[in-house]
>>> print(open('my_file.tsv').read())   # TSV, C-alpha atoms (C1' of nucleotides)
chain	number	residue	atom	x	y	z
A	24	MET	CA	-18.26	19.64	-12.16
A	25	GLN	CA	-17.84	17.70	-15.36
A	26	ARG	CA	-16.51	20.75	-17.13
A	27	LEU	CA	-13.10	21.13	-15.53
A	28	GLN	CA	-11.82	17.88	-16.94
A	29	GLY	CA	-8.65	19.49	-18.20
A	30	ALA	CA	-7.72	21.20	-14.94
A	31	PRO	CA	-4.71	20.06	-12.91
A	32	GLU	CA	-6.96	20.16	-9.83
A	33	GLU	CA	-9.24	17.62	-11.35
A	34	CYS	CA	-6.35	15.30	-12.20
A	35	ALA	CA	-5.11	15.55	-8.64
A	36	HIS	CA	-8.56	14.88	-7.27
A	37	GLU	CA	-9.15	11.82	-9.41
A	38	VAL	CA	-5.73	10.39	-8.64
A	39	LEU	CA	-6.29	10.71	-4.91
A	40	ASP	CA	-9.72	9.20	-5.24
A	41	VAL	CA	-9.26	6.37	-7.69
A	42	VAL	CA	-5.71	5.11	-7.41
A	43	PRO	CA	-6.07	3.68	-3.88
A	44	VAL	CA	-9.16	1.77	-4.92
A	45	VAL	CA	-7.48	0.15	-7.89
A	46	MET	CA	-4.39	-0.50	-5.84
A	47	ARG	CA	-6.35	-2.48	-3.29
A	48	VAL	CA	-7.76	-4.77	-5.93
A	49	VAL	CA	-4.30	-5.37	-7.36
A	50	ARG	CA	-2.84	-6.08	-3.94
A	51	ASN	CA	-5.55	-8.51	-2.96
A	52	LYS	CA	-5.20	-10.31	-6.25
A	53	LEU	CA	-1.46	-10.68	-5.92
A	54	ARG	CA	-1.83	-11.96	-2.41
A	55	GLU	CA	-4.24	-14.62	-3.51
A	56	HIS	CA	-1.60	-16.16	-5.70
A	57	GLY	CA	-1.64	-19.68	-4.27
A	58	ALA	CA	0.85	-20.57	-1.59
A	59	GLN	CA	3.42	-18.27	-3.13
A	60	LEU	CA	1.72	-15.06	-2.24
A	61	LEU	CA	3.54	-11.90	-3.08
A	62	SER	CA	3.09	-8.41	-1.74
A	63	VAL	CA	3.09	-5.60	-4.24
A	64	PRO	CA	6.61	-4.46	-3.33
A	65	GLN	CA	7.85	-8.04	-3.51
A	66	PHE	CA	6.29	-8.42	-6.93
A	67	ARG	CA	7.76	-5.19	-8.17
A	68	THR	CA	11.17	-6.08	-6.80
A	69	LEU	CA	11.14	-9.42	-8.57
A	70	SER	CA	10.08	-7.69	-11.78
A	71	PHE	CA	12.89	-5.21	-11.56
A	72	ILE	CA	15.56	-7.79	-10.82
A	73	SER	CA	14.26	-9.93	-13.64
A	74	ARG	CA	14.64	-7.04	-16.06
A	75	ASN	CA	17.95	-5.91	-14.54
A	76	ASN	CA	20.01	-8.93	-13.88
A	77	GLY	CA	22.77	-8.37	-11.35
A	78	ALA	CA	21.25	-5.15	-10.02
A	79	SER	CA	22.58	-3.84	-6.72
A	80	LEU	CA	20.47	-3.32	-3.64
A	81	SER	CA	20.69	0.45	-4.00
A	82	GLU	CA	19.54	0.32	-7.58
A	83	VAL	CA	16.53	-1.73	-6.68
A	84	ALA	CA	15.67	0.41	-3.65
A	85	ASN	CA	15.94	3.52	-5.73
A	86	HIS	CA	13.75	2.23	-8.47
A	87	ILE	CA	11.05	0.84	-6.22
A	88	GLY	CA	11.15	3.87	-3.97
A	89	LEU	CA	12.10	2.24	-0.71
A	90	THR	CA	14.86	3.13	1.70
A	91	LEU	CA	17.92	0.93	1.69
A	92	PRO	CA	17.16	-0.73	5.03
A	93	SER	CA	13.61	-1.50	3.95
A	94	MET	CA	14.80	-3.01	0.72
A	95	SER	CA	17.47	-4.96	2.53
A	96	THR	CA	14.80	-6.57	4.70
A	97	LEU	CA	12.51	-7.17	1.77
A	98	VAL	CA	15.22	-8.84	-0.29
A	99	ASP	CA	16.18	-10.87	2.72
A	100	GLY	CA	12.73	-12.40	2.67
A	101	LEU	CA	12.98	-13.11	-1.04
A	102	VAL	CA	16.32	-14.83	-0.54
A	103	THR	CA	14.91	-16.94	2.27
A	104	ARG	CA	12.07	-18.02	0.05
A	105	ASN	CA	14.52	-18.96	-2.66
A	106	PHE	CA	13.32	-16.39	-5.18
A	107	VAL	CA	16.52	-14.37	-5.28
A	108	ILE	CA	20.24	-15.06	-5.20
A	109	ARG	CA	22.33	-12.44	-3.45
A	110	ARG	CA	26.09	-12.50	-3.89
A	111	THR	CA	28.79	-9.93	-3.37
A	112	HIS	CA	29.99	-8.21	-6.50
A	113	GLU	CA	33.32	-9.42	-7.81
A	114	ASP	CA	35.08	-6.09	-8.17
A	115	ASP	CA	33.40	-3.97	-5.52
A	116	ARG	CA	32.81	-6.12	-2.51
A	117	ARG	CA	30.47	-3.59	-0.89
A	118	ARG	CA	27.87	-4.19	-3.58
A	119	MET	CA	25.40	-7.02	-3.82
A	120	ASP	CA	24.56	-8.66	-7.12
A	121	LEU	CA	20.94	-9.69	-7.23
A	122	THR	CA	19.51	-12.25	-9.61
A	123	LEU	CA	16.40	-14.40	-9.69
A	124	THR	CA	16.45	-18.13	-9.22
A	125	GLU	CA	14.54	-20.32	-11.64
A	126	HIS	CA	11.89	-20.60	-8.99
A	127	GLY	CA	11.77	-16.83	-8.66
A	128	GLU	CA	11.33	-16.36	-12.39
A	129	ALA	CA	8.60	-18.97	-12.52
A	130	THR	CA	6.75	-17.46	-9.56
A	131	LEU	CA	6.97	-14.00	-11.04
A	132	ARG	CA	5.67	-15.21	-14.38
A	133	SER	CA	2.70	-17.01	-12.93
A	134	ALA	CA	1.82	-14.25	-10.48
A	135	ARG	CA	1.88	-11.73	-13.27
A	136	LYS	CA	-0.17	-13.94	-15.51
A	137	GLU	CA	-2.86	-14.67	-12.94
A	138	THR	CA	-3.20	-11.06	-11.94
A	139	GLN	CA	-3.37	-9.81	-15.50
A	140	GLU	CA	-5.86	-12.50	-16.34
A	141	TYR	CA	-8.08	-11.26	-13.57
A	142	LEU	CA	-7.69	-7.59	-14.46
A	143	LYS	CA	-8.36	-8.37	-18.09
A	144	GLN	CA	-11.78	-9.74	-17.23
A	145	ARG	CA	-12.70	-6.53	-15.56
A	146	PHE	CA	-11.97	-4.66	-18.75
A	147	THR	CA	-13.89	-6.84	-21.15
A	148	GLY	CA	-17.11	-5.00	-20.33
A	149	LEU	CA	-15.72	-1.77	-21.74
A	150	SER	CA	-15.77	-0.57	-25.32
A	151	GLU	CA	-12.57	-0.55	-27.30
A	152	SER	CA	-12.45	3.20	-27.18
A	153	GLU	CA	-12.92	3.30	-23.43
A	154	ARG	CA	-10.04	0.90	-23.04
A	155	GLY	CA	-7.98	3.07	-25.32
A	156	THR	CA	-8.65	6.02	-23.06
A	157	VAL	CA	-7.63	4.03	-19.99
A	158	VAL	CA	-4.38	2.95	-21.60
A	159	LYS	CA	-3.54	6.45	-22.80
A	160	GLY	CA	-4.35	7.94	-19.42
A	161	LEU	CA	-2.16	5.44	-17.62
A	162	ARG	CA	0.74	6.01	-19.99
A	163	ILE	CA	0.57	9.70	-19.30
A	164	LEU	CA	0.49	9.00	-15.57
A	165	ARG	CA	3.50	6.78	-15.83
A	166	GLN	CA	5.40	9.52	-17.50
A	167	VAL	CA	4.30	12.13	-14.96
A	168	PHE	CA	5.15	10.00	-11.95
A	169	SER	CA	8.36	8.48	-13.16
A	170	GLU	CA	10.22	11.75	-13.10
A	171	ARG	CA	12.46	11.99	-10.10
A	172	THR	CA	10.99	15.25	-8.86
A	173	ALA	CA	11.56	14.11	-5.29
B	15	MET	CA	3.31	-2.63	-29.15
B	16	GLN	CA	1.60	0.73	-29.41
B	17	ARG	CA	-1.13	-0.71	-31.59
B	18	LEU	CA	-3.06	-2.80	-29.11
B	19	GLN	CA	-4.16	0.17	-27.08
B	20	GLY	CA	-7.74	-0.99	-26.99
B	21	ALA	CA	-7.05	-4.53	-25.82
B	22	PRO	CA	-8.06	-5.70	-22.34
B	23	GLU	CA	-4.56	-7.18	-22.01
B	24	GLU	CA	-3.01	-3.82	-22.49
B	25	CYS	CA	-5.26	-2.24	-19.85
B	26	ALA	CA	-4.30	-4.97	-17.42
B	27	HIS	CA	-0.65	-4.54	-18.17
B	28	GLU	CA	-0.67	-0.79	-17.71
B	29	VAL	CA	-2.64	-1.02	-14.49
B	30	LEU	CA	-0.19	-3.49	-13.00
B	31	ASP	CA	2.71	-1.36	-14.13
B	32	VAL	CA	1.61	2.17	-13.41
B	33	VAL	CA	-0.78	2.10	-10.47
B	34	PRO	CA	1.80	1.00	-7.87
B	35	VAL	CA	4.15	3.77	-8.92
B	36	VAL	CA	1.51	6.46	-8.56
B	37	MET	CA	0.36	4.94	-5.32
B	38	ARG	CA	3.78	5.22	-3.79
B	39	VAL	CA	3.98	8.92	-4.55
B	40	VAL	CA	0.57	9.49	-2.99
B	41	ARG	CA	1.48	7.51	0.10
B	42	ASN	CA	4.76	9.29	0.64
B	43	LYS	CA	3.10	12.64	0.22
B	44	LEU	CA	0.38	11.84	2.72
B	45	ARG	CA	2.91	10.64	5.23
B	46	GLU	CA	4.86	13.86	4.95
B	47	HIS	CA	1.92	15.80	6.24
B	48	GLY	CA	3.59	17.49	9.20
B	49	ALA	CA	3.28	15.89	12.59
B	50	GLN	CA	-0.19	14.60	11.76
B	51	LEU	CA	0.93	12.02	9.27
B	52	LEU	CA	-1.73	9.81	7.84
B	53	SER	CA	-1.45	6.49	6.11
B	54	VAL	CA	-3.51	6.01	2.99
B	55	PRO	CA	-6.08	3.80	4.74
B	56	GLN	CA	-6.33	6.30	7.58
B	57	PHE	CA	-6.88	9.09	5.11
B	58	ARG	CA	-9.51	7.17	3.22
B	59	THR	CA	-11.27	6.23	6.43
B	60	LEU	CA	-11.43	9.83	7.57
B	61	SER	CA	-12.77	10.82	4.14
B	62	PHE	CA	-15.48	8.23	4.27
B	63	ILE	CA	-16.60	9.09	7.79
B	64	SER	CA	-16.61	12.76	6.90
B	65	ARG	CA	-18.94	12.09	3.98
B	66	ASN	CA	-21.01	9.55	5.92
B	67	ASN	CA	-21.59	10.90	9.34
B	68	GLY	CA	-22.53	8.26	11.87
B	69	ALA	CA	-21.33	5.37	9.71
B	70	SER	CA	-20.89	2.02	11.42
B	71	LEU	CA	-17.63	0.14	11.58
B	72	SER	CA	-18.88	-2.48	9.14
B	73	GLU	CA	-19.90	0.14	6.64
B	74	VAL	CA	-16.51	1.76	6.75
B	75	ALA	CA	-14.66	-1.57	6.55
B	76	ASN	CA	-16.75	-2.59	3.61
B	77	HIS	CA	-16.21	0.56	1.71
B	78	ILE	CA	-12.48	0.79	2.30
B	79	GLY	CA	-12.02	-2.90	1.65
B	80	LEU	CA	-10.59	-3.99	4.98
B	81	THR	CA	-11.70	-6.79	7.25
B	82	LEU	CA	-13.64	-5.84	10.35
B	83	PRO	CA	-10.78	-6.56	12.76
B	84	SER	CA	-8.37	-4.52	10.68
B	85	MET	CA	-10.74	-1.62	10.57
B	86	SER	CA	-11.43	-1.91	14.26
B	87	THR	CA	-7.73	-1.50	14.98
B	88	LEU	CA	-7.34	1.29	12.50
B	89	VAL	CA	-10.26	3.24	13.94
B	90	ASP	CA	-8.89	2.63	17.39
B	91	GLY	CA	-5.79	4.55	16.38
B	92	LEU	CA	-7.88	7.38	14.99
B	93	VAL	CA	-9.88	7.59	18.21
B	94	THR	CA	-6.70	7.69	20.27
B	95	ARG	CA	-5.38	10.50	18.15
B	96	ASN	CA	-8.62	12.40	18.66
B	97	PHE	CA	-9.65	12.36	15.01
B	98	VAL	CA	-12.74	10.22	15.47
B	99	ILE	CA	-15.54	9.87	18.01
B	100	ARG	CA	-16.86	6.36	18.48
B	101	ARG	CA	-20.11	5.85	20.37
B	102	THR	CA	-22.57	3.03	20.52
B	103	HIS	CA	-25.66	3.47	18.42
B	104	GLU	CA	-28.77	4.49	20.31
B	105	ASP	CA	-31.16	1.86	19.02
B	106	ASP	CA	-28.86	-1.05	18.20
B	107	ARG	CA	-26.21	-1.23	20.85
B	108	ARG	CA	-24.04	-3.59	18.85
B	109	ARG	CA	-23.32	-0.89	16.31
B	110	MET	CA	-20.81	1.90	16.59
B	111	ASP	CA	-21.55	5.41	15.36
B	112	LEU	CA	-18.47	7.03	13.94
B	113	THR	CA	-18.04	10.75	13.46
B	114	LEU	CA	-15.08	13.08	13.03
B	115	THR	CA	-13.97	15.53	15.67
B	116	GLU	CA	-13.27	19.11	14.67
B	117	HIS	CA	-9.62	18.20	14.80
B	118	GLY	CA	-10.24	15.23	12.54
B	119	GLU	CA	-12.07	17.35	9.99
B	120	ALA	CA	-9.33	19.96	10.04
B	121	THR	CA	-6.59	17.38	9.65
B	122	LEU	CA	-8.39	15.71	6.79
B	123	ARG	CA	-8.90	19.02	5.04
B	124	SER	CA	-5.32	20.07	5.29
B	125	ALA	CA	-3.91	16.66	4.37
B	126	ARG	CA	-6.10	16.57	1.30
B	127	LYS	CA	-5.19	20.08	0.36
B	128	GLU	CA	-1.45	19.58	0.68
B	129	THR	CA	-1.49	16.35	-1.25
B	130	GLN	CA	-3.63	17.72	-4.03
B	131	GLU	CA	-1.48	20.80	-4.18
B	132	TYR	CA	1.53	18.63	-4.74
B	133	LEU	CA	-0.16	16.40	-7.30
B	134	LYS	CA	-1.45	19.45	-9.12
B	135	GLN	CA	2.06	20.69	-9.70
B	136	ARG	CA	2.99	17.46	-11.35
B	137	PHE	CA	0.17	17.93	-13.83
B	138	THR	CA	0.86	21.51	-14.81
B	139	GLY	CA	3.44	20.36	-17.34
B	140	LEU	CA	0.80	18.57	-19.37
B	141	SER	CA	-1.44	19.96	-22.06
B	142	GLU	CA	-5.10	20.47	-21.32
B	143	SER	CA	-6.00	17.59	-23.57
B	144	GLU	CA	-3.54	15.24	-21.90
B	145	ARG	CA	-5.05	16.10	-18.55
B	146	GLY	CA	-8.48	15.48	-19.99
B	147	THR	CA	-7.36	12.02	-21.03
B	148	VAL	CA	-6.00	11.30	-17.57
B	149	VAL	CA	-9.24	12.36	-15.92
B	150	LYS	CA	-11.38	10.37	-18.33
B	151	GLY	CA	-9.20	7.30	-17.93
B	152	LEU	CA	-9.36	7.48	-14.14
B	153	ARG	CA	-13.12	7.91	-14.15
B	154	ILE	CA	-13.46	4.79	-16.21
B	155	LEU	CA	-11.15	2.96	-13.83
B	156	ARG	CA	-13.17	4.06	-10.87
B	157	GLN	CA	-16.26	2.66	-12.43
B	158	VAL	CA	-14.56	-0.61	-13.34
B	159	PHE	CA	-13.06	-1.15	-9.92
B	160	SER	CA	-15.95	0.00	-7.80
B	161	GLU	CA	-18.14	-2.88	-8.78
B	162	ARG	CA	-18.30	-5.46	-6.04
B	163	THR	CA	-17.14	-8.32	-8.21
B	164	ALA	CA	-15.63	-10.00	-5.18
C	3	DT	C1'	36.02	10.15	4.16
C	4	DA	C1'	32.35	8.35	1.23
C	5	DT	C1'	29.65	4.44	-0.24
C	6	DT	C1'	27.10	0.05	0.29
C	7	DG	C1'	24.69	-2.62	2.98
C	8	DT	C1'	22.89	-4.68	7.56
C	9	DT	C1'	20.97	-4.63	12.27
C	10	DA	C1'	18.14	-2.69	15.91
C	11	DT	C1'	13.95	-0.74	16.99
C	12	DA	C1'	9.39	0.77	16.51
C	13	DC	C1'	4.85	1.62	14.16
C	14	DT	C1'	1.31	0.66	10.94
C	15	DC	C1'	-1.24	-2.65	7.93
C	16	DT	C1'	-3.41	-6.67	7.49
C	17	DA	C1'	-5.27	-11.24	8.01
C	18	DT	C1'	-7.38	-15.30	10.60
C	19	DA	C1'	-9.14	-17.22	14.73
C	20	DA	C1'	-11.44	-16.83	18.91
C	21	DC	C1'	-14.16	-14.18	21.74
C	22	DT	C1'	-18.04	-10.87	23.79
C	23	DA	C1'	-22.25	-8.41	23.61
C	24	DT	C1'	-26.51	-7.52	21.65
C	25	DA	C1'	-30.48	-8.68	18.82
D	19	DT	C1'	-28.88	-18.32	16.01
D	20	DA	C1'	-27.09	-14.26	13.60
D	21	DT	C1'	-24.84	-9.81	13.66
D	22	DA	C1'	-21.49	-6.10	15.21
D	23	DG	C1'	-17.31	-5.43	17.13
D	24	DT	C1'	-13.00	-6.46	19.82
D	25	DT	C1'	-8.86	-8.96	21.24
D	26	DA	C1'	-5.03	-12.06	20.39
D	27	DT	C1'	-1.56	-13.25	17.47
D	28	DA	C1'	1.46	-13.06	13.69
D	29	DG	C1'	3.90	-11.63	9.39
D	30	DA	C1'	4.99	-7.94	6.12
D	31	DG	C1'	6.11	-3.03	5.09
D	32	DT	C1'	8.31	0.87	6.35
D	33	DA	C1'	11.13	4.40	8.51
D	34	DT	C1'	15.17	6.33	11.28
D	35	DA	C1'	19.32	5.62	13.77
D	36	DA	C1'	23.40	3.20	14.53
D	37	DC	C1'	26.68	0.16	12.83
D	38	DA	C1'	30.20	-2.65	9.79
D	39	DA	C1'	32.80	-3.37	5.77
D	40	DT	C1'	34.89	-1.83	1.71
D	41	DA	C1'	36.69	1.69	-1.34
>>> encode(input="my_file.tsv", output="structure tokens")
Amino acid sequence: MQRLQGAPEECAHEVLDVVPVVMRVVRNKLREHGAQLLSVPQFRTLSFISRNNGASLSEVANHIGLTLPSMSTLVDGLVTRNFVIRRTHEDDRRRMDLTLTEHGEATLRSARKETQEYLKQRFTGLSESERGTVVKGLRILRQVFSERTA
Amino acid sequence: MQRLQGAPEECAHEVLDVVPVVMRVVRNKLREHGAQLLSVPQFRTLSFISRNNGASLSEVANHIGLTLPSMSTLVDGLVTRNFVIRRTHEDDRRRMDLTLTEHGEATLRSARKETQEYLKQRFTGLSESERGTVVKGLRILRQVFSERTA
DNA sequence: TATTGTTATACTCTATAACTATA
DNA sequence: TATAGTTATAGAGTATAACAATA
């Protein structure tokens, strides 16, 4: 079965098999992050808002891949925890402008750092070329799964 | 930034960035599976039991990476939906023997097929060599993240 | 009327703590 | 006493349906 490495079937199979396993490690690591534990969607939401200051709720929901009500609830939690500031947009009062607080930025930074630190360790056992393959593979996956194919 | 492809940092960064995106697509696809929608943990649990007939609850929990209570609840749902048979072990009456029903096997098969079918499509746009890279990268990831490092 | 967001409701996921049954 | 599982409880994630406010 090693010979169909280039087949779409094999890609599909490996994705279904491997991605959930990696995901679980990432989730557990993020959740360990001291008192300020973050779920994966919370982490991703903070990341997005940090990169897109003043984003609207719809924009965030769309990017993260949640429905609007789900994102509304999620952001609500982030506001309560003082990670996010939510104000109505000046011109269009239906929209919300989302930005991170200082505390939100700091939490995001340290959560990202801790998690990456941990993941990094896992990769030190590999050869440089193996790591290169991992990075290339993931970049291709990002491209494949970022397209809004619905 | 393209030049540090072989660095552990870059692996960590890509994992944190890309894996959640792919995961979401997989989850949504699994959940679309007709009336018999499965969550990712449910799907993985059915897969494991199918491959390991008569597995105990602890074994399943351990493999999937859930706590025993969480797995107990999850399996409870699968039993209710007639996907799984749960009986006490003959010799050690503390243990549970888990097996799939015919219906469970069939559901698993068709959920896997539909999801893989969908994922496959996404990969048809790639070159054979790109797909090879994806497969190789994922196999390395599996190896890295299967080790019980805690 | 169309768009942006929130609220209500309901399940699943998940953990920790406390418990029961068996060995 | 140690092991295998369950039950109780609680918070987060998520969806759909119904609603409110603004354009």
>>> calpha_fit_and_write(input="my_file.tsv", fixed="chain A", moving="chain B", output="short mmCIF file (atom, residue, chain, number, x, y, z; two decimals) with C-alpha atoms, keeping the file's coordinate frame")
data_model
loop_
_atom_site.label_atom_id
_atom_site.label_comp_id
_atom_site.auth_asym_id
_atom_site.auth_seq_id
_atom_site.Cartn_x
_atom_site.Cartn_y
_atom_site.Cartn_z
CA MET B 15 -18.38 19.48 -12.22
CA GLN B 16 -17.91 17.56 -15.44
CA ARG B 17 -16.63 20.64 -17.21
CA LEU B 18 -13.24 21.07 -15.62
CA GLN B 19 -11.89 17.85 -17.02
CA GLY B 20 -8.72 19.50 -18.22
CA ALA B 21 -7.82 21.21 -14.96
CA PRO B 22 -4.81 20.12 -12.91
CA GLU B 23 -7.09 20.19 -9.85
CA GLU B 24 -9.35 17.64 -11.38
CA CYS B 25 -6.43 15.33 -12.21
CA ALA B 26 -5.22 15.60 -8.64
CA HIS B 27 -8.65 14.89 -7.29
CA GLU B 28 -9.22 11.83 -9.44
CA VAL B 29 -5.79 10.44 -8.65
CA LEU B 30 -6.36 10.75 -4.92
CA ASP B 31 -9.79 9.20 -5.28
CA VAL B 32 -9.30 6.40 -7.74
CA VAL B 33 -5.73 5.16 -7.44
CA PRO B 34 -6.09 3.72 -3.91
CA VAL B 35 -9.17 1.79 -4.93
CA VAL B 36 -7.46 0.19 -7.91
CA MET B 37 -4.39 -0.46 -5.84
CA ARG B 38 -6.33 -2.44 -3.30
CA VAL B 39 -7.74 -4.74 -5.94
CA VAL B 40 -4.28 -5.34 -7.36
CA ARG B 41 -2.83 -6.04 -3.93
CA ASN B 42 -5.55 -8.47 -2.95
CA LYS B 43 -5.20 -10.29 -6.23
CA LEU B 44 -1.46 -10.64 -5.88
CA ARG B 45 -1.80 -11.93 -2.37
CA GLU B 46 -4.24 -14.59 -3.48
CA HIS B 47 -1.60 -16.15 -5.65
CA GLY B 48 -1.66 -19.66 -4.20
CA ALA B 49 0.84 -20.54 -1.54
CA GLN B 50 3.44 -18.25 -3.09
CA LEU B 51 1.73 -15.03 -2.17
CA LEU B 52 3.54 -11.87 -3.01
CA SER B 53 3.10 -8.39 -1.68
CA VAL B 54 3.10 -5.59 -4.19
CA PRO B 55 6.63 -4.45 -3.27
CA GLN B 56 7.86 -8.03 -3.47
CA PHE B 57 6.29 -8.41 -6.88
CA ARG B 58 7.76 -5.18 -8.13
CA THR B 59 11.17 -6.10 -6.79
CA LEU B 60 11.13 -9.44 -8.55
CA SER B 61 10.06 -7.69 -11.76
CA PHE B 62 12.88 -5.23 -11.55
CA ILE B 63 15.55 -7.82 -10.83
CA SER B 64 14.24 -9.97 -13.64
CA ARG B 65 14.62 -7.08 -16.08
CA ASN B 66 17.92 -5.94 -14.57
CA ASN B 67 20.00 -8.96 -13.91
CA GLY B 68 22.75 -8.39 -11.39
CA ALA B 69 21.23 -5.17 -10.05
CA SER B 70 22.58 -3.87 -6.76
CA LEU B 71 20.49 -3.35 -3.68
CA SER B 72 20.71 0.42 -4.02
CA GLU B 73 19.54 0.30 -7.59
CA VAL B 74 16.53 -1.76 -6.68
CA ALA B 75 15.69 0.39 -3.65
CA ASN B 76 15.94 3.49 -5.74
CA HIS B 77 13.75 2.23 -8.46
CA ILE B 78 11.05 0.82 -6.22
CA GLY B 79 11.14 3.85 -3.98
CA LEU B 80 12.10 2.22 -0.70
CA THR B 81 14.89 3.12 1.68
CA LEU B 82 17.95 0.91 1.67
CA PRO B 83 17.18 -0.75 5.01
CA SER B 84 13.64 -1.51 3.93
CA MET B 85 14.82 -3.03 0.72
CA SER B 86 17.50 -4.98 2.51
CA THR B 87 14.86 -6.61 4.68
CA LEU B 88 12.53 -7.20 1.80
CA VAL B 89 15.23 -8.86 -0.29
CA ASP B 90 16.21 -10.91 2.72
CA GLY B 91 12.74 -12.42 2.67
CA LEU B 92 13.00 -13.14 -1.03
CA VAL B 93 16.35 -14.86 -0.54
CA THR B 94 14.94 -16.98 2.27
CA ARG B 95 12.07 -18.03 0.07
CA ASN B 96 14.52 -19.00 -2.65
CA PHE B 97 13.31 -16.42 -5.16
CA VAL B 98 16.51 -14.41 -5.27
CA ILE B 99 20.24 -15.09 -5.24
CA ARG B 100 22.34 -12.48 -3.49
CA ARG B 101 26.11 -12.53 -3.95
CA THR B 102 28.79 -9.97 -3.44
CA HIS B 103 29.98 -8.24 -6.56
CA GLU B 104 33.29 -9.46 -7.92
CA ASP B 105 35.07 -6.14 -8.27
CA ASP B 106 33.42 -4.01 -5.59
CA ARG B 107 32.83 -6.17 -2.58
CA ARG B 108 30.51 -3.67 -0.95
CA ARG B 109 27.91 -4.24 -3.63
CA MET B 110 25.44 -7.06 -3.86
CA ASP B 111 24.56 -8.71 -7.16
CA LEU B 112 20.94 -9.74 -7.25
CA THR B 113 19.50 -12.29 -9.63
CA LEU B 114 16.37 -14.43 -9.70
CA THR B 115 16.42 -18.17 -9.22
CA GLU B 116 14.50 -20.35 -11.64
CA HIS B 117 11.86 -20.62 -8.97
CA GLY B 118 11.76 -16.85 -8.64
CA GLU B 119 11.32 -16.38 -12.37
CA ALA B 120 8.57 -18.98 -12.49
CA THR B 121 6.74 -17.47 -9.54
CA LEU B 122 6.96 -14.01 -11.01
CA ARG B 123 5.64 -15.24 -14.34
CA SER B 124 2.69 -17.01 -12.89
CA ALA B 125 1.81 -14.24 -10.44
CA ARG B 126 1.87 -11.72 -13.24
CA LYS B 127 -0.17 -13.94 -15.47
CA GLU B 128 -2.87 -14.65 -12.91
CA THR B 129 -3.19 -11.03 -11.92
CA GLN B 130 -3.34 -9.79 -15.47
CA GLU B 131 -5.83 -12.48 -16.32
CA TYR B 132 -8.06 -11.23 -13.57
CA LEU B 133 -7.65 -7.56 -14.47
CA LYS B 134 -8.32 -8.37 -18.10
CA GLN B 135 -11.72 -9.74 -17.25
CA ARG B 136 -12.66 -6.53 -15.57
CA PHE B 137 -11.90 -4.65 -18.77
CA THR B 138 -13.80 -6.85 -21.19
CA GLY B 139 -17.02 -5.01 -20.39
CA LEU B 140 -15.65 -1.78 -21.81
CA SER B 141 -15.67 -0.59 -25.38
CA GLU B 142 -12.45 -0.57 -27.33
CA SER B 143 -12.35 3.19 -27.21
CA GLU B 144 -12.85 3.30 -23.46
CA ARG B 145 -9.97 0.90 -23.04
CA GLY B 146 -7.89 3.07 -25.32
CA THR B 147 -8.60 6.03 -23.07
CA VAL B 148 -7.59 4.06 -19.99
CA VAL B 149 -4.31 2.99 -21.58
CA LYS B 150 -3.51 6.49 -22.80
CA GLY B 151 -4.34 7.99 -19.42
CA LEU B 152 -2.13 5.51 -17.59
CA ARG B 153 0.77 6.08 -19.95
CA ILE B 154 0.58 9.76 -19.27
CA LEU B 155 0.48 9.07 -15.54
CA ARG B 156 3.50 6.87 -15.77
CA GLN B 157 5.41 9.61 -17.43
CA VAL B 158 4.27 12.21 -14.90
CA PHE B 159 5.11 10.10 -11.89
CA SER B 160 8.35 8.59 -13.08
CA GLU B 161 10.19 11.85 -12.99
CA ARG B 162 12.43 12.07 -9.97
CA THR B 163 10.93 15.28 -8.68
CA ALA B 164 11.79 14.25 -5.14
#
>>> interface_residues(input="my_file.tsv", of="chain B", to="chain A", cutoff="6 Å", atoms="all atoms listed in the file", output="VMD selection string")
chain B and resid 19 to 20 22 to 23 25 to 26 32 130 133 to 134 137 142 145 to 149 151 156
>>> residues_around(input="my_file.tsv", residues="C:DT14", least_positions_apart="3", cutoff="9 Å", atoms="all atoms listed in the file", output="list in words")
Ser53 and Leu88 of chain B; DG31 and DT32 of chain D
>>> closest_residue(input="my_file.tsv", among="D:DA41, D:DA36, D:DT21, D:DA30", to="C:DT8", atoms="all atoms listed in the file")
D:DA36
>>> interface_residues(input="my_file.tsv", of="chain B", to="chain C", cutoff="8 Å", atoms="all atoms listed in the file", output="PyMOL selection string")
chain B and resi 81+84+106-108
>>> write_last_selection(input="my_file.tsv", atoms="C-alpha atoms", output="mmCIF file, in the coordinates of the input")
data_model
loop_
_atom_site.group_PDB
_atom_site.id
_atom_site.type_symbol
_atom_site.label_atom_id
_atom_site.label_comp_id
_atom_site.auth_asym_id
_atom_site.auth_seq_id
_atom_site.Cartn_x
_atom_site.Cartn_y
_atom_site.Cartn_z
ATOM 1 C CA THR B 81 -11.700 -6.790 7.250
ATOM 2 C CA SER B 84 -8.370 -4.520 10.680
ATOM 3 C CA ASP B 106 -28.860 -1.050 18.200
ATOM 4 C CA ARG B 107 -26.210 -1.230 20.850
ATOM 5 C CA ARG B 108 -24.040 -3.590 18.850
#
>>> atom_distance(input="my_file.tsv", atom1="atom CA of A:Phe66", atom2="atom CA of A:Ala134")
8.2 Å
>>> interface_residues(input="my_file.tsv", of="chain B", to="chain D", cutoff="8 Å", atoms="only C-alpha atoms (C1' of nucleotides)", output="list of chain:residue names")
B:Leu71, B:Ser72, B:Leu82, B:Pro83, B:Ser86, B:Arg108, B:Arg109
>>> closest_residue(input="my_file.tsv", among="B:Ser70, B:Ile63, B:Asp90, B:Asn76", to="B:Gly118", atoms="all atoms listed in the file")
B:Ile63
>>> atom_distance(input="my_file.tsv", atom1="atom CA of B:Glu104", atom2="atom CA of B:Leu122")
26.9 Å
>>> closest_residue(input="my_file.tsv", among="B:Asn67, B:Thr87, B:Arg101, B:Leu44", to="B:Thr121", atoms="all atoms listed in the file")
B:Leu44
